[in-house]
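Right, one structure below, let's go through it.
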Amino acid sequence: MCVYDAVQGWNTLPYMGLGEFYCEYGNFDYYVTVPADMIVAGSGDLQNGVQVLTTTQKKRLEQARTSDSTVFIINENEIGTAATRPSQTGMHTWHFKMNNSRDVSWSASKAFIWDAARINFPSGRKGISMAVYPVESKGYNAYGRATQYLKQSVEFYSTNYYEYPWNSAVVVAGVALGMEYPGIVFCSYKIGQASLWHDVTHEIGHNWFPMIVGSNERKYMWMDEGMNTFINSYASNWFNQGEYGDTTNREIAQMSRSFRLSKDPLMTPPESMGLNEYGQYYFKTADALIILRNSVIGPQRFDYAFKTYIDRWAMKHPQPEDFFRTMNDAAGEDLNWFWKEWFYENWKFDQSVKSVKYVDNNPAAGAFITIENLQEMALPVIVKVTEQNGTTQIIKLPVDVWRRDSDWTFKYNSISPLTSVVLDPNGELPDINRKNNTWEGK
Ligand SMILES: [Zn+2]
C-alpha cells in the first residue's frame with residue numbers, strides 16, 4: 001500500500017530501514033484470533049469484550065474508565081490462572097476498530113499484567129490509557145507507572161497541541177527500545193523511571209507527529225522525529241512538576257551541538273544521512289524550534305503558529321514547505337532565512353564582540369559596541385553589558401542587523417567605563433566558539 005498525494009503522485013519509494021513509513025488514512029476493522037489463554041492489546045477500541053473478557057475484567061475496566069489512578073485488570077498473581085479467561089481451550093477472536101488512522105498494531109501474550117486508567121480530554125470526552133507488561137517489568141520504579149506516563153502524556157499533548165482523536169492508548173513492554181503506532185506503542189521491558197517516562201512520552205508523542213499530522217517520514221525524518229522531540233521536552237518539564245524534567249531543553253541543546261557539525265543538512269533523506277549523524281533529525285530540529293520560539297519570535301507567536309500548523313494539516317499530508325509557509329503565515333513574518341540556515345544548510349553559528357570605543361574617549365558620553373557574525377548562520381543578538389558603577393543591562397537586537405554586513409555597531413548609553421560585554425549570556429544560541437563572546441574592560 002502506498003500514498004497518493006498531490007505533490008508526488010504515487011509514493012513508491014522502497015522502505016530501507018531508517019526512514020519509516022508514509023501511510024494513508026483509513027478505517028480499520030480487524031480481528032486477531034489467538035489461543036484462548038492469550039491476552040491481546042491492540043490499536044483502537046475493543047468491540048467484543050463480552051466474548052473475550054471475564055466478568056471481573058469487564059468490571060475492573062469499567063472502574064478504570066472512571067479512575068484517574070491506575071486499576072489492575074490482571075494483577076501479577078493472576079497471570080496464567082484459569083480465572084483470567086472466559087474459557088481455557090480453543091481459540092478466541094479479539095475484534096478491534098480504529099477510524100481515521102494511518103495504521104494499527106497489536107500484541108498478544110499469556111504473560112501480561114494489565115492495568116488501566118481514565119484519560120481526560122480537554123473537550124470533556126473520556127478515554128482509556130493501558131499498559132501490558134510481564135512480571136519482570138512490574139513495580140513503581142518500572143511499568144507500574146507506565147499507564148500514568150501514557151495517560152498524562154496524552155492529556156498534555158491533547159491540551160497543548162491537538163486533542164487525541166481516538167479513545168484508547170496502550171503501552172506494551174516489549175523487546176524494542178521504542179516503536180510507535182497509532183493507539184499503541186512499544187517500549188523496552190527493561191527500563192523504568194526517567195528512561196521509561198522519556199520513552200513512553202516520545203513514542204506516544206508520535207501519535208501527533210506523524211500520525212495526526214501525516215508527514216512523509218520516508219523522506220523527511222525531521223518532520224516527525226524532530227517535532228515530536230520538541231513537544232516531548234515540554235511534556236517532560238511539566239510531568240509531575242518536573243520530576244523528570246527541566247533538564248530536557250538543556251539536554252536537547254547539548255545533543256544538538258554534537259550533531260551541528262554534521263556534513264549533511266536536515267533535509268537529507270534518511271538513506272543518505274550518515275549513520276552517526278541521524279540523531280540530528282531529533283535534536284537539531286528540536287533545538288531549532290526551541291531557538292525560534294524563545295529567541296527569535298517569542299513563545300506567544302510561535303505557539304499560535306505551531307498550533308495553526310497542526311490544525312491546518314491534521315489528517316493530511318504536509319510537505320516541509322507547508323510547515324514553513326504555515327509558520328510564516330501564522331507568525332506574520334517571513335522566516336525563510338531561518339528555514340534555510342537550519343534545514344537546507346549545515347551552516348554554523350559564531351557571534352563575537354569585536355571592539356568597544358567610547359564617544360570622544362569619554363565613557364560618560366556613551367560607548368560604540370561593534371559585534372561580528374563570523375559564520376554563515378544568522379540569529380538575533382543578546383548582549384549583556386556591565387559597567388564599573390555596577391549597572392547591568394540586557395540588550396536584544398533583531399536578526400535584521402545582519403542584513404547587509406557581517407559586523408554591526410550600536411551605541412550603548414554608558415555612564416561609567418564598561419567592565420564587560422557578553423554575547424548570549426545564558427547560552428540560548430548555538431555558538432560554536434564562546435571564547436570570543438566576551439569583551440572585558442581593563
Ligand atoms: Zn521517534
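Residues are referred to by chain and number: the chain letter is A, B, ... according to the order shown in the C-alpha cells, the number counts from 1 in that chain, and ligands are numbered separately from 1 in the order shown.
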Pull the closest atom pair for each residue of chain A that gets at most 10 Å from ligand 1, along with the distance in Å to one decimal, counting only C-alpha atoms and all ligand atoms, ordering rows by chain and then ascending residue number, as a tab-separated table.
```
residue	atom	partner	partner_atom_place_in_ligand_line	distance
A:Glu20	CA	ligand 1	1 (Zn)	9.9
A:Gly178	CA	ligand 1	1 (Zn)	7.6
A:Met179	CA	ligand 1	1 (Zn)	7.2
A:Glu180	CA	ligand 1	1 (Zn)	7.3
A:Asp199	CA	ligand 1	1 (Zn)	8.9
A:Thr201	CA	ligand 1	1 (Zn)	9.9
A:His202	CA	ligand 1	1 (Zn)	6.2
A:Glu203	CA	ligand 1	1 (Zn)	5.9
A:Ile204	CA	ligand 1	1 (Zn)	9.0
A:Gly205	CA	ligand 1	1 (Zn)	8.2
A:His206	CA	ligand 1	1 (Zn)	6.6
A:Phe209	CA	ligand 1	1 (Zn)	9.1
A:Pro210	CA	ligand 1	1 (Zn)	9.8
A:Met221	CA	ligand 1	1 (Zn)	9.3
A:Trp222	CA	ligand 1	1 (Zn)	9.8
A:Asp224	CA	ligand 1	1 (Zn)	7.3
A:Glu225	CA	ligand 1	1 (Zn)	4.9
A:Gly226	CA	ligand 1	1 (Zn)	8.2
A:Met227	CA	ligand 1	1 (Zn)	9.7
A:Asn228	CA	ligand 1	1 (Zn)	7.1
A:Thr229	CA	ligand 1	1 (Zn)	7.6
A:Tyr281	CA	ligand 1	1 (Zn)	9.7
A:Tyr282	CA	ligand 1	1 (Zn)	7.8
```
Emit the selected residues as a PDB file, in the first residue's frame, including N, CA, C and O atoms.
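Output (again.pdb):
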```pdb
ATOM      1  N   GLU A  20      11.113   5.674   8.088  1.00  0.00           N
ATOM      2  CA  GLU A  20       9.990   4.801   8.402  1.00  0.00           C
ATOM      3  C   GLU A  20       8.895   4.951   7.355  1.00  0.00           C
ATOM      4  O   GLU A  20       9.164   4.918   6.172  1.00  0.00           O
ATOM      5  N   GLY A 178      11.967   1.239  21.446  1.00  0.00           N
ATOM      6  CA  GLY A 178      10.790   2.090  21.313  1.00  0.00           C
ATOM      7  C   GLY A 178      10.281   2.032  19.894  1.00  0.00           C
ATOM      8  O   GLY A 178      11.051   2.137  18.948  1.00  0.00           O
ATOM      9  N   MET A 179       8.968   1.804  19.730  1.00  0.00           N
ATOM     10  CA  MET A 179       8.383   1.843  18.393  1.00  0.00           C
ATOM     11  C   MET A 179       6.934   2.260  18.511  1.00  0.00           C
ATOM     12  O   MET A 179       6.209   1.796  19.369  1.00  0.00           O
ATOM     13  N   GLU A 180       6.538   3.153  17.607  1.00  0.00           N
ATOM     14  CA  GLU A 180       5.247   3.799  17.702  1.00  0.00           C
ATOM     15  C   GLU A 180       4.297   3.330  16.611  1.00  0.00           C
ATOM     16  O   GLU A 180       4.715   3.117  15.475  1.00  0.00           O
ATOM     17  N   ASP A 199      10.762   7.468  27.161  1.00  0.00           N
ATOM     18  CA  ASP A 199      10.440   6.544  26.082  1.00  0.00           C
ATOM     19  C   ASP A 199       8.932   6.579  25.775  1.00  0.00           C
ATOM     20  O   ASP A 199       8.518   6.738  24.626  1.00  0.00           O
ATOM     21  N   THR A 201       6.681   8.893  26.566  1.00  0.00           N
ATOM     22  CA  THR A 201       6.171  10.183  26.079  1.00  0.00           C
ATOM     23  C   THR A 201       6.641  10.437  24.649  1.00  0.00           C
ATOM     24  O   THR A 201       5.930  11.046  23.854  1.00  0.00           O
ATOM     25  N   HIS A 202       7.820   9.914  24.289  1.00  0.00           N
ATOM     26  CA  HIS A 202       8.289  10.059  22.908  1.00  0.00           C
ATOM     27  C   HIS A 202       7.442   9.198  21.960  1.00  0.00           C
ATOM     28  O   HIS A 202       6.942   9.694  20.946  1.00  0.00           O
ATOM     29  N   GLU A 203       7.274   7.946  22.291  1.00  0.00           N
ATOM     30  CA  GLU A 203       6.564   7.052  21.364  1.00  0.00           C
ATOM     31  C   GLU A 203       5.095   7.466  21.204  1.00  0.00           C
ATOM     32  O   GLU A 203       4.581   7.495  20.095  1.00  0.00           O
ATOM     33  N   ILE A 204       4.448   7.837  22.305  1.00  0.00           N
ATOM     34  CA  ILE A 204       3.046   8.256  22.152  1.00  0.00           C
ATOM     35  C   ILE A 204       2.993   9.640  21.503  1.00  0.00           C
ATOM     36  O   ILE A 204       2.032   9.950  20.779  1.00  0.00           O
ATOM     37  N   GLY A 205       4.036  10.454  21.678  1.00  0.00           N
ATOM     38  CA  GLY A 205       4.116  11.764  21.008  1.00  0.00           C
ATOM     39  C   GLY A 205       4.053  11.626  19.494  1.00  0.00           C
ATOM     40  O   GLY A 205       3.580  12.530  18.792  1.00  0.00           O
ATOM     41  N   HIS A 206       4.512  10.482  18.976  1.00  0.00           N
ATOM     42  CA  HIS A 206       4.412  10.243  17.536  1.00  0.00           C
ATOM     43  C   HIS A 206       2.962  10.151  17.070  1.00  0.00           C
ATOM     44  O   HIS A 206       2.688  10.242  15.877  1.00  0.00           O
ATOM     45  N   PHE A 209       2.841  13.581  15.702  1.00  0.00           N
ATOM     46  CA  PHE A 209       3.731  13.653  14.535  1.00  0.00           C
ATOM     47  C   PHE A 209       4.344  12.276  14.316  1.00  0.00           C
ATOM     48  O   PHE A 209       5.165  11.889  15.114  1.00  0.00           O
ATOM     49  N   PRO A 210       3.986  11.532  13.331  1.00  0.00           N
ATOM     50  CA  PRO A 210       3.263  11.857  12.107  1.00  0.00           C
ATOM     51  C   PRO A 210       1.877  11.213  12.018  1.00  0.00           C
ATOM     52  O   PRO A 210       1.383  11.043  10.902  1.00  0.00           O
ATOM     53  N   MET A 221      12.554  12.881   7.732  1.00  0.00           N
ATOM     54  CA  MET A 221      12.519  12.284   9.065  1.00  0.00           C
ATOM     55  C   MET A 221      12.448  13.347  10.166  1.00  0.00           C
ATOM     56  O   MET A 221      11.914  13.095  11.242  1.00  0.00           O
ATOM     57  N   TRP A 222      12.994  14.546   9.878  1.00  0.00           N
ATOM     58  CA  TRP A 222      12.951  15.603  10.906  1.00  0.00           C
ATOM     59  C   TRP A 222      11.520  16.037  11.208  1.00  0.00           C
ATOM     60  O   TRP A 222      11.229  16.508  12.307  1.00  0.00           O
ATOM     61  N   ASP A 224       8.835  14.311  11.706  1.00  0.00           N
ATOM     62  CA  ASP A 224       8.177  13.595  12.808  1.00  0.00           C
ATOM     63  C   ASP A 224       9.094  13.469  14.030  1.00  0.00           C
ATOM     64  O   ASP A 224       8.708  13.818  15.131  1.00  0.00           O
ATOM     65  N   GLU A 225      10.345  13.015  13.828  1.00  0.00           N
ATOM     66  CA  GLU A 225      11.219  12.829  14.997  1.00  0.00           C
ATOM     67  C   GLU A 225      11.532  14.163  15.679  1.00  0.00           C
ATOM     68  O   GLU A 225      11.568  14.251  16.905  1.00  0.00           O
ATOM     69  N   GLY A 226      11.770  15.194  14.876  1.00  0.00           N
ATOM     70  CA  GLY A 226      12.174  16.477  15.444  1.00  0.00           C
ATOM     71  C   GLY A 226      11.037  17.207  16.136  1.00  0.00           C
ATOM     72  O   GLY A 226      11.182  17.699  17.253  1.00  0.00           O
ATOM     73  N   MET A 227       9.870  17.280  15.466  1.00  0.00           N
ATOM     74  CA  MET A 227       8.736  17.976  16.093  1.00  0.00           C
ATOM     75  C   MET A 227       8.275  17.218  17.324  1.00  0.00           C
ATOM     76  O   MET A 227       7.866  17.810  18.321  1.00  0.00           O
ATOM     77  N   ASN A 228       8.368  15.892  17.267  1.00  0.00           N
ATOM     78  CA  ASN A 228       7.999  15.091  18.428  1.00  0.00           C
ATOM     79  C   ASN A 228       8.970  15.348  19.583  1.00  0.00           C
ATOM     80  O   ASN A 228       8.553  15.596  20.715  1.00  0.00           O
ATOM     81  N   THR A 229      10.279  15.324  19.309  1.00  0.00           N
ATOM     82  CA  THR A 229      11.270  15.588  20.367  1.00  0.00           C
ATOM     83  C   THR A 229      11.032  16.977  20.978  1.00  0.00           C
ATOM     84  O   THR A 229      11.161  17.164  22.187  1.00  0.00           O
ATOM     85  N   TYR A 281      18.148  14.621  13.235  1.00  0.00           N
ATOM     86  CA  TYR A 281      16.725  14.715  12.914  1.00  0.00           C
ATOM     87  C   TYR A 281      15.926  15.029  14.185  1.00  0.00           C
ATOM     88  O   TYR A 281      14.944  15.761  14.159  1.00  0.00           O
ATOM     89  N   TYR A 282      16.335  14.416  15.300  1.00  0.00           N
ATOM     90  CA  TYR A 282      15.659  14.619  16.575  1.00  0.00           C
ATOM     91  C   TYR A 282      16.099  15.936  17.215  1.00  0.00           C
ATOM     92  O   TYR A 282      15.276  16.791  17.534  1.00  0.00           O
TER      93      TYR A 282
END
```
Near Leu196 of chain A, within 9 Å and counting only C-alpha atoms, which residues show up once chain neighbours fewer than 6 positions away are dropped, as a list in words?
Ala142, Tyr143, Arg145, Ala146, Tyr149, Cys187, Ser188 and Lys190 of chain A
Leaving out segment 430-438 of chain A and any residue of its chain fewer than 3 positions from it, which residues lie within 6 Å of it when counting only C-alpha atoms, given as a list in words?
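The neighbour list is Phe349, Asp350, Ser352, Val353, Val421, Val422 and Leu423 of chain A.
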Taking only C-alpha atoms into account, produce a table as a Markdown table in which each residue of segment 138-232 of chain A with an atom at most 12 Å from an atom of segment 74-97 of chain A appears once, together with its shortest atom pair and the distance in Å to one decimal, ordered by chain and rising number.
```
| residue | atom | partner | partner_atom | distance |
| --- | --- | --- | --- | --- |
| A:Lys138 | CA | A:Glu76 | CA | 8.1 |
| A:Gly139 | CA | A:Glu76 | CA | 10.1 |
| A:Gly144 | CA | A:Asn75 | CA | 10.7 |
| A:Trp166 | CA | A:Lys97 | CA | 10.4 |
| A:Asn167 | CA | A:Lys97 | CA | 10.7 |
| A:Ser168 | CA | A:Lys97 | CA | 10.7 |
| A:Pro182 | CA | A:Lys97 | CA | 12.0 |
| A:Gly183 | CA | A:Lys97 | CA | 11.0 |
```
